file my_file-v5.cif (mmCIF, C-alpha atoms)
data_query
#
loop_
_atom_site.label_atom_id
_atom_site.label_comp_id
_atom_site.auth_asym_id
_atom_site.auth_seq_id
_atom_site.Cartn_x
_atom_site.Cartn_y
_atom_site.Cartn_z
CA GLN P 268 11.97 14.38 10.77
CA ALA P 269 11.74 14.75 6.99
CA LEU P 270 15.07 14.90 5.19
CA PRO P 271 16.01 15.98 1.66
CA ARG P 272 15.96 12.91 -0.58
CA GLU P 273 19.55 13.38 -1.66
CA ASN P 274 20.69 13.23 1.99
CA VAL P 275 18.86 10.01 2.78
CA SER P 276 21.35 7.22 3.33
CA LEU P 277 21.02 3.69 2.04
CA LEU P 278 20.92 2.52 5.66
CA PHE P 279 17.86 4.68 6.35
CA LYS P 280 16.10 3.33 3.25
CA LEU P 281 16.84 -0.24 4.32
CA TYR P 282 15.58 0.57 7.81
CA CYS P 283 12.28 1.93 6.45
CA LEU P 284 11.81 -1.06 4.14
CA THR P 285 12.60 -3.51 6.95
CA VAL P 286 10.22 -1.88 9.41
CA MET P 287 7.46 -1.70 6.80
CA THR P 288 7.94 -5.40 6.00
CA LEU P 289 7.88 -6.46 9.66
CA VAL P 290 4.86 -4.29 10.50
CA ALA P 291 2.96 -5.59 7.46
CA ALA P 292 3.75 -9.18 8.43
CA ALA P 293 2.68 -8.58 12.04
CA TYR P 294 -0.53 -6.94 10.81
CA THR P 295 -1.37 -9.94 8.61
CA ILE P 296 -0.79 -12.38 11.47
CA ALA P 297 -2.81 -10.30 13.96
CA LEU P 298 -5.63 -9.87 11.44
CA ARG P 299 -5.77 -13.62 10.83
CA TYR P 300 -5.89 -14.22 14.58
CA THR P 301 -8.78 -11.81 15.17
CA ARG P 302 -10.81 -13.14 12.22
CA THR P 303 -10.43 -16.75 13.43
CA THR P 304 -10.79 -16.36 17.21
CA GLU P 305 -13.22 -13.49 17.79
CA LYS P 306 -16.77 -14.70 18.39
CA GLU P 307 -18.40 -11.47 17.20
CA LEU P 308 -16.76 -10.23 14.01
CA TYR P 309 -16.36 -6.51 13.71
CA PHE P 310 -17.19 -4.54 10.55
CA SER P 311 -14.03 -4.37 8.44
CA THR P 312 -15.40 -1.26 6.71
CA THR P 313 -15.51 0.67 9.99
CA ALA P 314 -12.03 -0.59 10.90
CA VAL P 315 -10.66 0.86 7.67
CA CYS P 316 -12.27 4.22 8.47
CA ILE P 317 -10.86 4.26 12.02
CA THR P 318 -7.44 3.37 10.60
CA GLU P 319 -7.59 6.51 8.45
CA VAL P 320 -8.51 8.59 11.53
CA ILE P 321 -5.57 7.21 13.54
CA LYS P 322 -3.16 7.80 10.63
CA LEU P 323 -4.42 11.38 10.46
CA LEU P 324 -3.87 11.92 14.19
CA LEU P 325 -0.38 10.38 14.05
CA SER P 326 0.52 12.58 11.07
CA VAL P 327 -0.70 15.68 12.92
CA GLY P 328 1.48 14.73 15.90
CA LEU P 329 4.53 14.11 13.70
CA LEU P 330 3.98 17.44 11.90
CA ALA P 331 3.85 19.20 15.28
CA LYS P 332 7.14 17.56 16.23
CA GLU P 333 8.69 18.47 12.88
CA THR P 334 7.71 22.15 13.04
CA GLY P 335 9.03 22.44 16.60
CA SER P 336 6.72 25.20 17.82
CA LEU P 337 2.98 25.79 18.14
CA GLY P 338 3.13 28.91 15.97
CA ARG P 339 4.87 27.20 13.04
CA PHE P 340 2.55 24.20 13.44
CA LYS P 341 -0.57 26.39 13.15
CA THR P 342 0.92 28.25 10.19
CA SER P 343 1.72 25.00 8.39
CA LEU P 344 -1.80 23.66 8.92
CA SER P 345 -3.50 26.89 7.85
CA GLU P 346 -1.36 27.36 4.75
CA ASN P 347 -1.10 23.77 3.50
CA VAL P 348 -4.36 22.21 4.68
CA LEU P 349 -7.10 24.68 5.58
CA GLY P 350 -5.98 27.31 3.08
CA SER P 351 -5.17 24.97 0.17
CA PRO P 352 -8.37 23.42 -1.23
CA LYS P 353 -6.58 22.65 -4.52
CA GLU P 354 -3.97 20.59 -2.69
CA LEU P 355 -6.69 18.77 -0.77
CA MET P 356 -8.42 17.95 -4.05
CA LYS P 357 -5.10 16.79 -5.51
CA LEU P 358 -4.56 14.36 -2.63
CA SER P 359 -8.18 13.14 -2.76
CA VAL P 360 -7.43 11.46 -6.10
CA PRO P 361 -5.54 8.46 -4.59
CA SER P 362 -8.31 7.90 -2.01
CA LEU P 363 -11.02 7.86 -4.68
CA VAL P 364 -8.96 5.66 -7.01
CA TYR P 365 -8.22 3.18 -4.21
CA ALA P 366 -11.95 3.04 -3.43
CA VAL P 367 -12.65 2.19 -7.08
CA GLN P 368 -9.86 -0.42 -6.99
CA ASN P 369 -11.32 -2.18 -3.94
CA ASN P 370 -14.79 -2.30 -5.45
CA MET P 371 -13.49 -3.58 -8.77
CA ALA P 372 -11.44 -6.25 -7.01
CA PHE P 373 -14.56 -7.44 -5.16
CA LEU P 374 -16.54 -7.47 -8.41
CA ALA P 375 -13.78 -9.44 -10.14
CA LEU P 376 -13.62 -11.99 -7.32
CA SER P 377 -17.39 -12.47 -7.63
CA ASN P 378 -17.14 -13.23 -11.36
CA LEU P 379 -13.88 -15.17 -11.65
CA ASP P 380 -12.55 -18.38 -10.20
CA ALA P 381 -10.34 -17.79 -7.16
CA ALA P 382 -7.28 -19.20 -8.94
CA VAL P 383 -7.78 -16.95 -11.97
CA TYR P 384 -8.30 -13.97 -9.69
CA GLN P 385 -5.08 -14.71 -7.76
CA VAL P 386 -3.01 -14.83 -10.93
CA THR P 387 -4.51 -11.83 -12.74
CA TYR P 388 -4.59 -9.53 -9.71
CA GLN P 389 -0.82 -9.85 -9.28
CA LEU P 390 -0.47 -8.02 -12.59
CA LYS P 391 -0.68 -4.89 -10.42
CA ILE P 392 3.06 -5.39 -9.77
CA PRO P 393 4.24 -4.95 -13.39
CA CYS P 394 1.48 -2.36 -13.88
CA THR P 395 3.03 -0.29 -11.08
CA ALA P 396 6.42 -0.59 -12.77
CA LEU P 397 4.89 0.53 -16.08
CA CYS P 398 3.20 3.54 -14.43
CA THR P 399 6.53 4.40 -12.81
CA VAL P 400 8.21 4.49 -16.21
CA LEU P 401 5.42 6.46 -17.91
CA MET P 402 4.45 8.91 -15.17
CA LEU P 403 7.81 9.55 -13.49
CA ASN P 404 10.04 9.41 -16.57
CA ARG P 405 12.21 6.63 -15.20
CA THR P 406 13.90 3.72 -16.90
CA LEU P 407 14.27 0.15 -15.71
CA SER P 408 16.95 -2.23 -16.91
CA LYS P 409 16.06 -5.57 -18.50
CA LEU P 410 17.16 -7.32 -15.32
CA GLN P 411 14.83 -5.13 -13.27
CA TRP P 412 11.89 -5.91 -15.56
CA ILE P 413 12.68 -9.63 -15.28
CA SER P 414 12.76 -9.34 -11.49
CA VAL P 415 9.41 -7.50 -11.48
CA PHE P 416 7.67 -10.27 -13.44
CA MET P 417 9.48 -12.90 -11.35
CA LEU P 418 8.10 -11.21 -8.24
CA CYS P 419 4.63 -11.28 -9.79
CA GLY P 420 4.91 -15.03 -10.34
CA GLY P 421 6.40 -15.62 -6.89
CA VAL P 422 3.61 -13.78 -5.06
CA THR P 423 1.04 -15.71 -7.10
CA LEU P 424 2.56 -19.05 -6.04
CA VAL P 425 2.94 -17.99 -2.40
CA GLN P 426 -0.76 -17.11 -2.19
CA TRP P 427 -1.91 -20.01 -4.34
CA LYS P 428 -4.75 -22.08 -2.94
CA PRO P 429 -6.09 -25.07 -4.88
CA ALA P 430 -9.68 -24.74 -5.99
CA GLN P 431 -12.12 -26.71 -3.86
CA ALA P 432 -15.01 -28.62 -5.33
CA THR P 433 -18.42 -27.30 -4.37
CA LYS P 434 -21.97 -28.25 -5.14
CA VAL P 435 -23.09 -24.64 -5.06
CA VAL P 436 -23.42 -23.27 -8.58
CA VAL P 437 -22.46 -19.61 -8.74
CA GLU P 438 -23.46 -17.64 -11.79
CA GLN P 439 -20.41 -15.74 -13.04
CA ASN P 440 -19.65 -13.39 -15.90
CA PRO P 441 -15.97 -13.91 -16.87
CA LEU P 442 -15.98 -10.96 -19.28
CA LEU P 443 -17.19 -8.66 -16.51
CA GLY P 444 -14.66 -10.22 -14.13
CA PHE P 445 -11.69 -9.65 -16.45
CA GLY P 446 -12.84 -6.09 -17.13
CA ALA P 447 -13.10 -5.41 -13.41
CA ILE P 448 -9.67 -6.91 -12.67
CA ALA P 449 -8.12 -4.82 -15.46
CA ILE P 450 -9.56 -1.65 -13.91
CA ALA P 451 -8.42 -2.72 -10.43
CA VAL P 452 -4.87 -3.39 -11.66
CA LEU P 453 -4.68 -0.04 -13.45
CA CYS P 454 -6.07 1.78 -10.40
CA SER P 455 -3.52 0.13 -8.13
CA GLY P 456 -0.58 1.15 -10.32
CA PHE P 457 -1.88 4.65 -11.03
CA ALA P 458 -2.83 5.59 -7.46
CA GLY P 459 0.48 4.49 -5.95
CA VAL P 460 2.63 6.22 -8.55
CA TYR P 461 0.43 9.35 -8.53
CA PHE P 462 0.95 9.69 -4.76
CA GLU P 463 4.69 9.18 -5.23
CA LYS P 464 4.78 11.90 -7.88
CA VAL P 465 2.94 14.35 -5.62
CA LEU P 466 5.32 13.58 -2.74
CA LYS P 467 8.47 14.03 -4.79
CA SER P 468 7.42 16.96 -6.97
CA SER P 469 7.56 19.53 -4.17
CA ASP P 470 9.29 20.21 -0.87
CA THR P 471 6.03 20.07 1.07
CA SER P 472 6.36 18.08 4.30
CA LEU P 473 5.55 14.37 4.09
CA TRP P 474 3.24 14.72 7.10
CA VAL P 475 1.35 17.59 5.47
CA ARG P 476 0.78 15.41 2.40
CA ASN P 477 -0.39 12.58 4.64
CA ILE P 478 -2.84 14.88 6.44
CA GLN P 479 -4.22 16.07 3.10
CA MET P 480 -4.71 12.52 1.86
CA TYR P 481 -6.11 11.08 5.10
CA LEU P 482 -8.76 13.82 5.36
CA SER P 483 -10.24 12.73 2.05
CA GLY P 484 -9.61 9.09 2.97
CA ILE P 485 -11.80 9.44 6.06
CA VAL P 486 -14.68 10.80 4.00
CA VAL P 487 -14.35 8.10 1.32
CA THR P 488 -14.10 5.20 3.79
CA LEU P 489 -16.94 6.54 5.96
CA VAL P 490 -19.24 6.76 2.94
CA GLY P 491 -18.13 3.29 1.86
CA ALA P 492 -18.85 1.85 5.31
CA TYR P 493 -22.43 3.11 5.37
CA LEU P 494 -23.07 2.13 1.76
CA SER P 495 -21.82 -1.39 2.43
CA ASP P 496 -22.92 -2.10 6.02
CA GLY P 497 -25.16 0.87 6.84
CA ALA P 498 -28.18 -1.11 8.07
CA GLU P 499 -26.13 -3.39 10.33
CA ILE P 500 -24.02 -0.50 11.65
CA LYS P 501 -27.20 1.37 12.65
CA GLU P 502 -28.53 -1.77 14.33
CA LYS P 503 -25.39 -2.97 16.14
CA GLY P 504 -23.28 0.18 16.41
CA PHE P 505 -20.17 1.53 14.70
CA PHE P 506 -17.78 -0.21 17.12
CA TYR P 507 -19.59 -3.55 17.23
CA GLY P 508 -17.24 -6.49 17.86
CA TYR P 509 -14.22 -4.35 18.78
CA THR P 510 -11.81 -5.89 21.29
CA TYR P 511 -8.28 -5.09 22.40
CA TYR P 512 -7.00 -7.39 19.65
CA VAL P 513 -9.00 -5.53 17.01
CA TRP P 514 -7.65 -2.19 18.19
CA PHE P 515 -4.14 -3.66 18.05
CA VAL P 516 -4.71 -4.71 14.43
CA ILE P 517 -5.97 -1.21 13.59
CA PHE P 518 -2.91 0.32 15.25
CA LEU P 519 -0.58 -1.92 13.23
CA ALA P 520 -2.40 -0.96 10.03
CA SER P 521 -2.02 2.72 10.91
CA VAL P 522 1.70 2.48 11.64
CA GLY P 523 2.17 0.41 8.50
CA GLY P 524 0.40 3.09 6.47
CA LEU P 525 2.72 5.80 7.76
CA TYR P 526 5.82 3.74 7.04
CA THR P 527 4.46 3.01 3.57
CA SER P 528 4.35 6.74 2.81
CA VAL P 529 7.93 7.10 4.10
CA VAL P 530 9.06 4.22 1.87
CA VAL P 531 7.30 5.74 -1.16
CA LYS P 532 8.91 9.14 -0.55
CA TYR P 533 12.46 7.93 -0.02
CA THR P 534 12.48 4.86 -2.29
CA ASP P 535 9.67 4.10 -4.74
CA ASN P 536 6.47 2.11 -5.35
CA ILE P 537 8.34 -0.80 -6.90
CA MET P 538 10.42 -1.25 -3.76
CA LYS P 539 7.19 -1.00 -1.78
CA GLY P 540 5.90 -3.93 -3.82
CA PHE P 541 9.00 -6.00 -3.05
CA SER P 542 8.63 -5.16 0.64
CA ALA P 543 4.96 -6.21 0.59
CA ALA P 544 5.91 -9.52 -1.06
CA ALA P 545 8.51 -10.18 1.62
CA ALA P 546 5.86 -9.45 4.26
CA ILE P 547 3.55 -12.05 2.70
CA VAL P 548 6.30 -14.67 2.88
CA LEU P 549 7.20 -13.79 6.50
CA SER P 550 3.57 -13.81 7.67
CA THR P 551 2.95 -17.17 6.01
CA ILE P 552 6.04 -18.69 7.64
CA ALA P 553 4.92 -17.32 11.00
CA SER P 554 1.46 -18.80 10.41
CA VAL P 555 3.08 -22.23 10.13
CA MET P 556 4.30 -21.94 13.71
CA LEU P 557 1.29 -20.09 15.15
CA PHE P 558 -1.67 -21.62 13.30
CA GLY P 559 -0.31 -24.93 12.03
CA LEU P 560 -0.45 -23.89 8.37
CA GLN P 561 1.02 -26.50 6.01
CA ILE P 562 3.94 -25.51 3.76
CA THR P 563 3.24 -26.54 0.17
CA LEU P 564 5.51 -27.01 -2.81
CA THR P 565 3.97 -23.98 -4.53
CA PHE P 566 4.68 -21.82 -1.46
CA ALA P 567 8.32 -22.97 -1.34
CA LEU P 568 8.78 -22.28 -5.06
CA GLY P 569 7.04 -18.91 -4.74
CA THR P 570 9.24 -17.94 -1.81
CA LEU P 571 12.33 -18.83 -3.82
CA LEU P 572 11.13 -16.67 -6.73
CA VAL P 573 10.40 -13.74 -4.40
CA CYS P 574 13.86 -13.94 -2.81
CA VAL P 575 15.64 -14.24 -6.17
CA SER P 576 13.62 -11.36 -7.63
CA ILE P 577 14.51 -9.10 -4.67
CA TYR P 578 18.19 -9.99 -5.15
CA LEU P 579 18.08 -9.38 -8.91
CA TYR P 580 16.29 -6.06 -8.57
CA GLY P 581 18.92 -4.86 -6.12
CA LEU P 582 21.82 -5.73 -8.44
CA PRO P 583 21.58 -2.73 -10.82
CA ARG P 584 23.04 0.41 -9.31
CA GLN P 585 20.78 2.72 -11.30
CA ASP P 586 18.86 5.20 -9.09
CA THR P 587 15.11 4.71 -9.49
CA THR P 588 14.00 6.60 -6.38
CA SER P 589 13.88 10.17 -7.73
CA ILE P 590 11.99 11.88 -10.52
CA HIS P 591 14.28 12.65 -13.42
CA GLN P 592 13.76 15.97 -15.12
CA GLY P 593 15.74 14.97 -18.19
CA GLU P 594 19.34 15.39 -19.13
CA THR P 595 19.33 19.19 -19.37
CA ALA P 596 22.11 19.73 -16.87
CA SER P 597 24.48 17.26 -18.53
CA LYS P 598 23.79 18.78 -21.96
CA GLU P 599 24.56 22.27 -20.64
CA ARG P 600 27.89 21.03 -19.29
CA ILE P 601 28.76 19.51 -22.65
CA ILE P 602 27.91 22.77 -24.44
CA GLY P 603 30.00 24.69 -21.92
CA VAL P 604 33.00 22.47 -22.63
#

call {"tool": "encode", "arguments": {"input": "my_file-v5.cif", "output": "structure tokens"}}
result
Amino acid sequence: QALPRENVSLLFKLYCLTVMTLVAAAYTIALRYTRTTEKELYFSTTAVCITEVIKLLLSVGLLAKETGSLGRFKTSLSENVLGSPKELMKLSVPSLVYAVQNNMAFLALSNLDAAVYQVTYQLKIPCTALCTVLMLNRTLSKLQWISVFMLCGGVTLVQWKPAQATKVVVEQNPLLGFGAIAIAVLCSGFAGVYFEKVLKSSDTSLWVRNIQMYLSGIVVTLVGAYLSDGAEIKEKGFFYGYTYYVWFVIFLASVGGLYTSVVVKYTDNIMKGFSAAAAIVLSTIASVMLFGLQITLTFALGTLLVCVSIYLYGLPRQDTTSIHQGETASKERIIGV
């Protein structure tokens, strides 16, 4: 059940962050398993669309539980979803921006070396922090900024893979690649912080906001699936290659998406980034035991940087999880005195 942000305990925030981290790590491991063991690979574009559908259905169920009665549930849906086209348009912005981000990331990867792409794409972490400061009127301490850039470097090292020599000559346009990665980074920061601002700027239920966003997300991902794999989907079918393992991966992605929205509402996008980094480290460590992945020096150093950055970011006691409306109240008290 949704709670007022001021009544949310630190324990609940830690619980949400922990669950999100564990679910994200489990999702990464399960995804790696399905992509390496399944003989007939499914269409990832259709999986993303189905994930949006499942998140929508879960959000509808949670809204029904929150409202407590069928009458209040119908009223909430009619007022906030069916009867609020402006709100639907407002929540369609993140879906469209994320679609642009994914396409720009693919374009950048096609025109940049993998190593360059890995380094530059992690700039989305400080970009998110910058958008948080500019769009939500927050301030970060110097130590927090240092921890953000340290996290950026740590994630880069954790995911670092040495370039492999190849005889295939690929024609690339570095200028186009850097332009695309810049747009992708900006989209990542903007979309996440925009959604956070919408969540925290009103008392509308979290599950209502999720329903509004997932409705547009289904349309965007469905269009993207047919634009990308339309011919093959028509030939082989929408659910081609789906097994129980694939459905399990989709379920994990759906649950992870819901917990992500909870984390954004009750903490912030920067903490979401730290949680995602921890999930990368956990999934890689698990892959050592499950898939025989070799631990490298760069991974060990990156893990150390991620852990130190999480510790440093948690040191300041300044609240960065709510939108500040300025210092009007404190000034009025001073004038009153």

call {"tool": "resolve_selection", "arguments": {"input": "my_file-v5.cif", "expression": "the PyMOL selection byres ((chain P and resi 418) around 8)", "output": "PyMOL selection string"}}
result
chain P and resi 392+414-417+419-422+541+544+572-573+576-577

call {"tool": "resolve_selection", "arguments": {"input": "my_file-v5.cif", "expression": "the PyMOL selection byres ((chain P and resi 346-358) around 10)", "output": "mmCIF file with C-alpha atoms, in the coordinates of the input"}}
result
data_model
loop_
_atom_site.group_PDB
_atom_site.id
_atom_site.type_symbol
_atom_site.label_atom_id
_atom_site.label_comp_id
_atom_site.auth_asym_id
_atom_site.auth_seq_id
_atom_site.Cartn_x
_atom_site.Cartn_y
_atom_site.Cartn_z
ATOM 1 C CA LYS P 341 -0.570 26.390 13.150
ATOM 2 C CA THR P 342 0.920 28.250 10.190
ATOM 3 C CA SER P 343 1.720 25.000 8.390
ATOM 4 C CA LEU P 344 -1.800 23.660 8.920
ATOM 5 C CA SER P 345 -3.500 26.890 7.850
ATOM 6 C CA SER P 359 -8.180 13.140 -2.760
ATOM 7 C CA VAL P 360 -7.430 11.460 -6.100
ATOM 8 C CA PRO P 361 -5.540 8.460 -4.590
ATOM 9 C CA SER P 362 -8.310 7.900 -2.010
ATOM 10 C CA LEU P 363 -11.020 7.860 -4.680
ATOM 11 C CA TYR P 461 0.430 9.350 -8.530
ATOM 12 C CA PHE P 462 0.950 9.690 -4.760
ATOM 13 C CA VAL P 465 2.940 14.350 -5.620
ATOM 14 C CA LEU P 466 5.320 13.580 -2.740
ATOM 15 C CA THR P 471 6.030 20.070 1.070
ATOM 16 C CA SER P 472 6.360 18.080 4.300
ATOM 17 C CA VAL P 475 1.350 17.590 5.470
ATOM 18 C CA ARG P 476 0.780 15.410 2.400
ATOM 19 C CA ASN P 477 -0.390 12.580 4.640
ATOM 20 C CA ILE P 478 -2.840 14.880 6.440
ATOM 21 C CA GLN P 479 -4.220 16.070 3.100
ATOM 22 C CA MET P 480 -4.710 12.520 1.860
ATOM 23 C CA TYR P 481 -6.110 11.080 5.100
ATOM 24 C CA LEU P 482 -8.760 13.820 5.360
ATOM 25 C CA SER P 483 -10.240 12.730 2.050
ATOM 26 C CA GLY P 484 -9.610 9.090 2.970
#

call {"tool": "atom_distance", "arguments": {"input": "my_file-v5.cif", "atom1": "atom CA of P:Ala520", "atom2": "atom CA of P:Leu289"}}
result
11.7 Å

call {"tool": "closest_atom_pairs", "arguments": {"input": "my_file-v5.cif", "of": "stretch 512-576 of chain P", "to": "stretch 319-323 of chain P", "cutoff": "8 Å", "atoms": "only C-alpha atoms", "output": "JSON lines"}}
result
{"residue": "P:Phe518", "atom": "CA", "partner": "P:Ile321", "partner_atom": "CA", "distance": 7.6}
{"residue": "P:Ser521", "atom": "CA", "partner": "P:Lys322", "partner_atom": "CA", "distance": 5.2}
{"residue": "P:Val522", "atom": "CA", "partner": "P:Lys322", "partner_atom": "CA", "distance": 7.3}
{"residue": "P:Gly524", "atom": "CA", "partner": "P:Lys322", "partner_atom": "CA", "distance": 7.2}
{"residue": "P:Leu525", "atom": "CA", "partner": "P:Lys322", "partner_atom": "CA", "distance": 6.8}

call {"tool": "residues_around", "arguments": {"input": "my_file-v5.cif", "residues": "stretch 505-517 of chain P", "least_positions_apart": "5", "cutoff": "9 Å", "atoms": "all atoms listed in the file", "output": "list in words"}}
result
Ala293, Tyr294, Thr295, Ala297, Leu298, Tyr300, Thr301, Glu305, Lys306, Glu307, Leu308, Tyr309, Phe310, Thr313, Ala314, Val315, Ile317, Thr318, Ile321, Glu499, Ile500 and Val522 of chain P

call {"tool": "resolve_selection", "arguments": {"input": "my_file-v5.cif", "expression": "the PyMOL selection byres ((chain P and resi 410) around 12)", "output": "PyMOL selection string"}}
result
chain P and resi 406-409+411-417+575-585

call {"tool": "atom_distance", "arguments": {"input": "my_file-v5.cif", "atom1": "atom CA of P:Gly446", "atom2": "atom CA of P:Asp380"}}
result
14.1 Å

call {"tool": "closest_residue", "arguments": {"input": "my_file-v5.cif", "among": "P:Met402, P:Ala381, P:Cys454, P:Leu473", "to": "P:Tyr526", "atoms": "all atoms listed in the file"}}
result
P:Leu473

call {"tool": "atom_distance", "arguments": {"input": "my_file-v5.cif", "atom1": "atom CA of P:Lys428", "atom2": "atom CA of P:Ala458"}}
result
28.1 Å

call {"tool": "closest_residue", "arguments": {"input": "my_file-v5.cif", "among": "P:Leu376, P:Leu329, P:Ala396, P:Ala492", "to": "P:Asn440", "atoms": "only C-alpha atoms"}}
result
P:Leu376

call {"tool": "residues_around", "arguments": {"input": "my_file-v5.cif", "residues": "P:Leu549", "least_positions_apart": "2", "cutoff": "12 Å", "atoms": "all atoms listed in the file", "output": "list in words"}}
result
Thr285, Thr288, Leu289, Val290, Ala291, Ala292, Ala293, Tyr294, Thr295, Ile296, Val425, Ser542, Ala543, Ala544, Ala545, Ala546, Ile547, Thr551, Ile552, Ala553, Ser554, Val555, Met556, Phe566, Thr570, Val573 and Cys574 of chain P

call {"tool": "residues_around", "arguments": {"input": "my_file-v5.cif", "residues": "P:Lys391", "least_positions_apart": "5", "cutoff": "10 Å", "atoms": "all atoms listed in the file", "output": "count of residues only"}}
result
13

call {"tool": "closest_residue", "arguments": {"input": "my_file-v5.cif", "among": "P:Ile562, P:Val531, P:Leu557, P:Cys398", "to": "P:Leu284", "atoms": "all atoms listed in the file"}}
result
P:Val531

call {"tool": "closest_residue", "arguments": {"input": "my_file-v5.cif", "among": "P:Leu401, P:Leu325, P:Leu519, P:Leu443", "to": "P:Ala375", "atoms": "all atoms listed in the file"}}
result
P:Leu443

call {"tool": "closest_residue", "arguments": {"input": "my_file-v5.cif", "among": "P:Val548, P:Leu424, P:Val367, P:Val400", "to": "P:Gln385", "atoms": "only C-alpha atoms"}}
result
P:Leu424

call {"tool": "residues_near_point", "arguments": {"input": "my_file-v5.cif", "point": "(-6.5, -12.2, -17.3)", "cutoff": "10 Å", "atoms": "all atoms listed in the file", "output": "PyMOL selection string"}}
result
chain P and resi 379+383-388+390+441-442+444-446+448-449

call {"tool": "write_last_selection", "arguments": {"input": "my_file-v5.cif", "atoms": "C-alpha atoms", "output": "tab-separated table (two decimals), in the coordinates of the input"}}
result
chain	number	residue	atom	x	y	z
P	379	LEU	CA	-13.88	-15.17	-11.65
P	383	VAL	CA	-7.78	-16.95	-11.97
P	384	TYR	CA	-8.30	-13.97	-9.69
P	385	GLN	CA	-5.08	-14.71	-7.76
P	386	VAL	CA	-3.01	-14.83	-10.93
P	387	THR	CA	-4.51	-11.83	-12.74
P	388	TYR	CA	-4.59	-9.53	-9.71
P	390	LEU	CA	-0.47	-8.02	-12.59
P	441	PRO	CA	-15.97	-13.91	-16.87
P	442	LEU	CA	-15.98	-10.96	-19.28
P	444	GLY	CA	-14.66	-10.22	-14.13
P	445	PHE	CA	-11.69	-9.65	-16.45
P	446	GLY	CA	-12.84	-6.09	-17.13
P	448	ILE	CA	-9.67	-6.91	-12.67
P	449	ALA	CA	-8.12	-4.82	-15.46
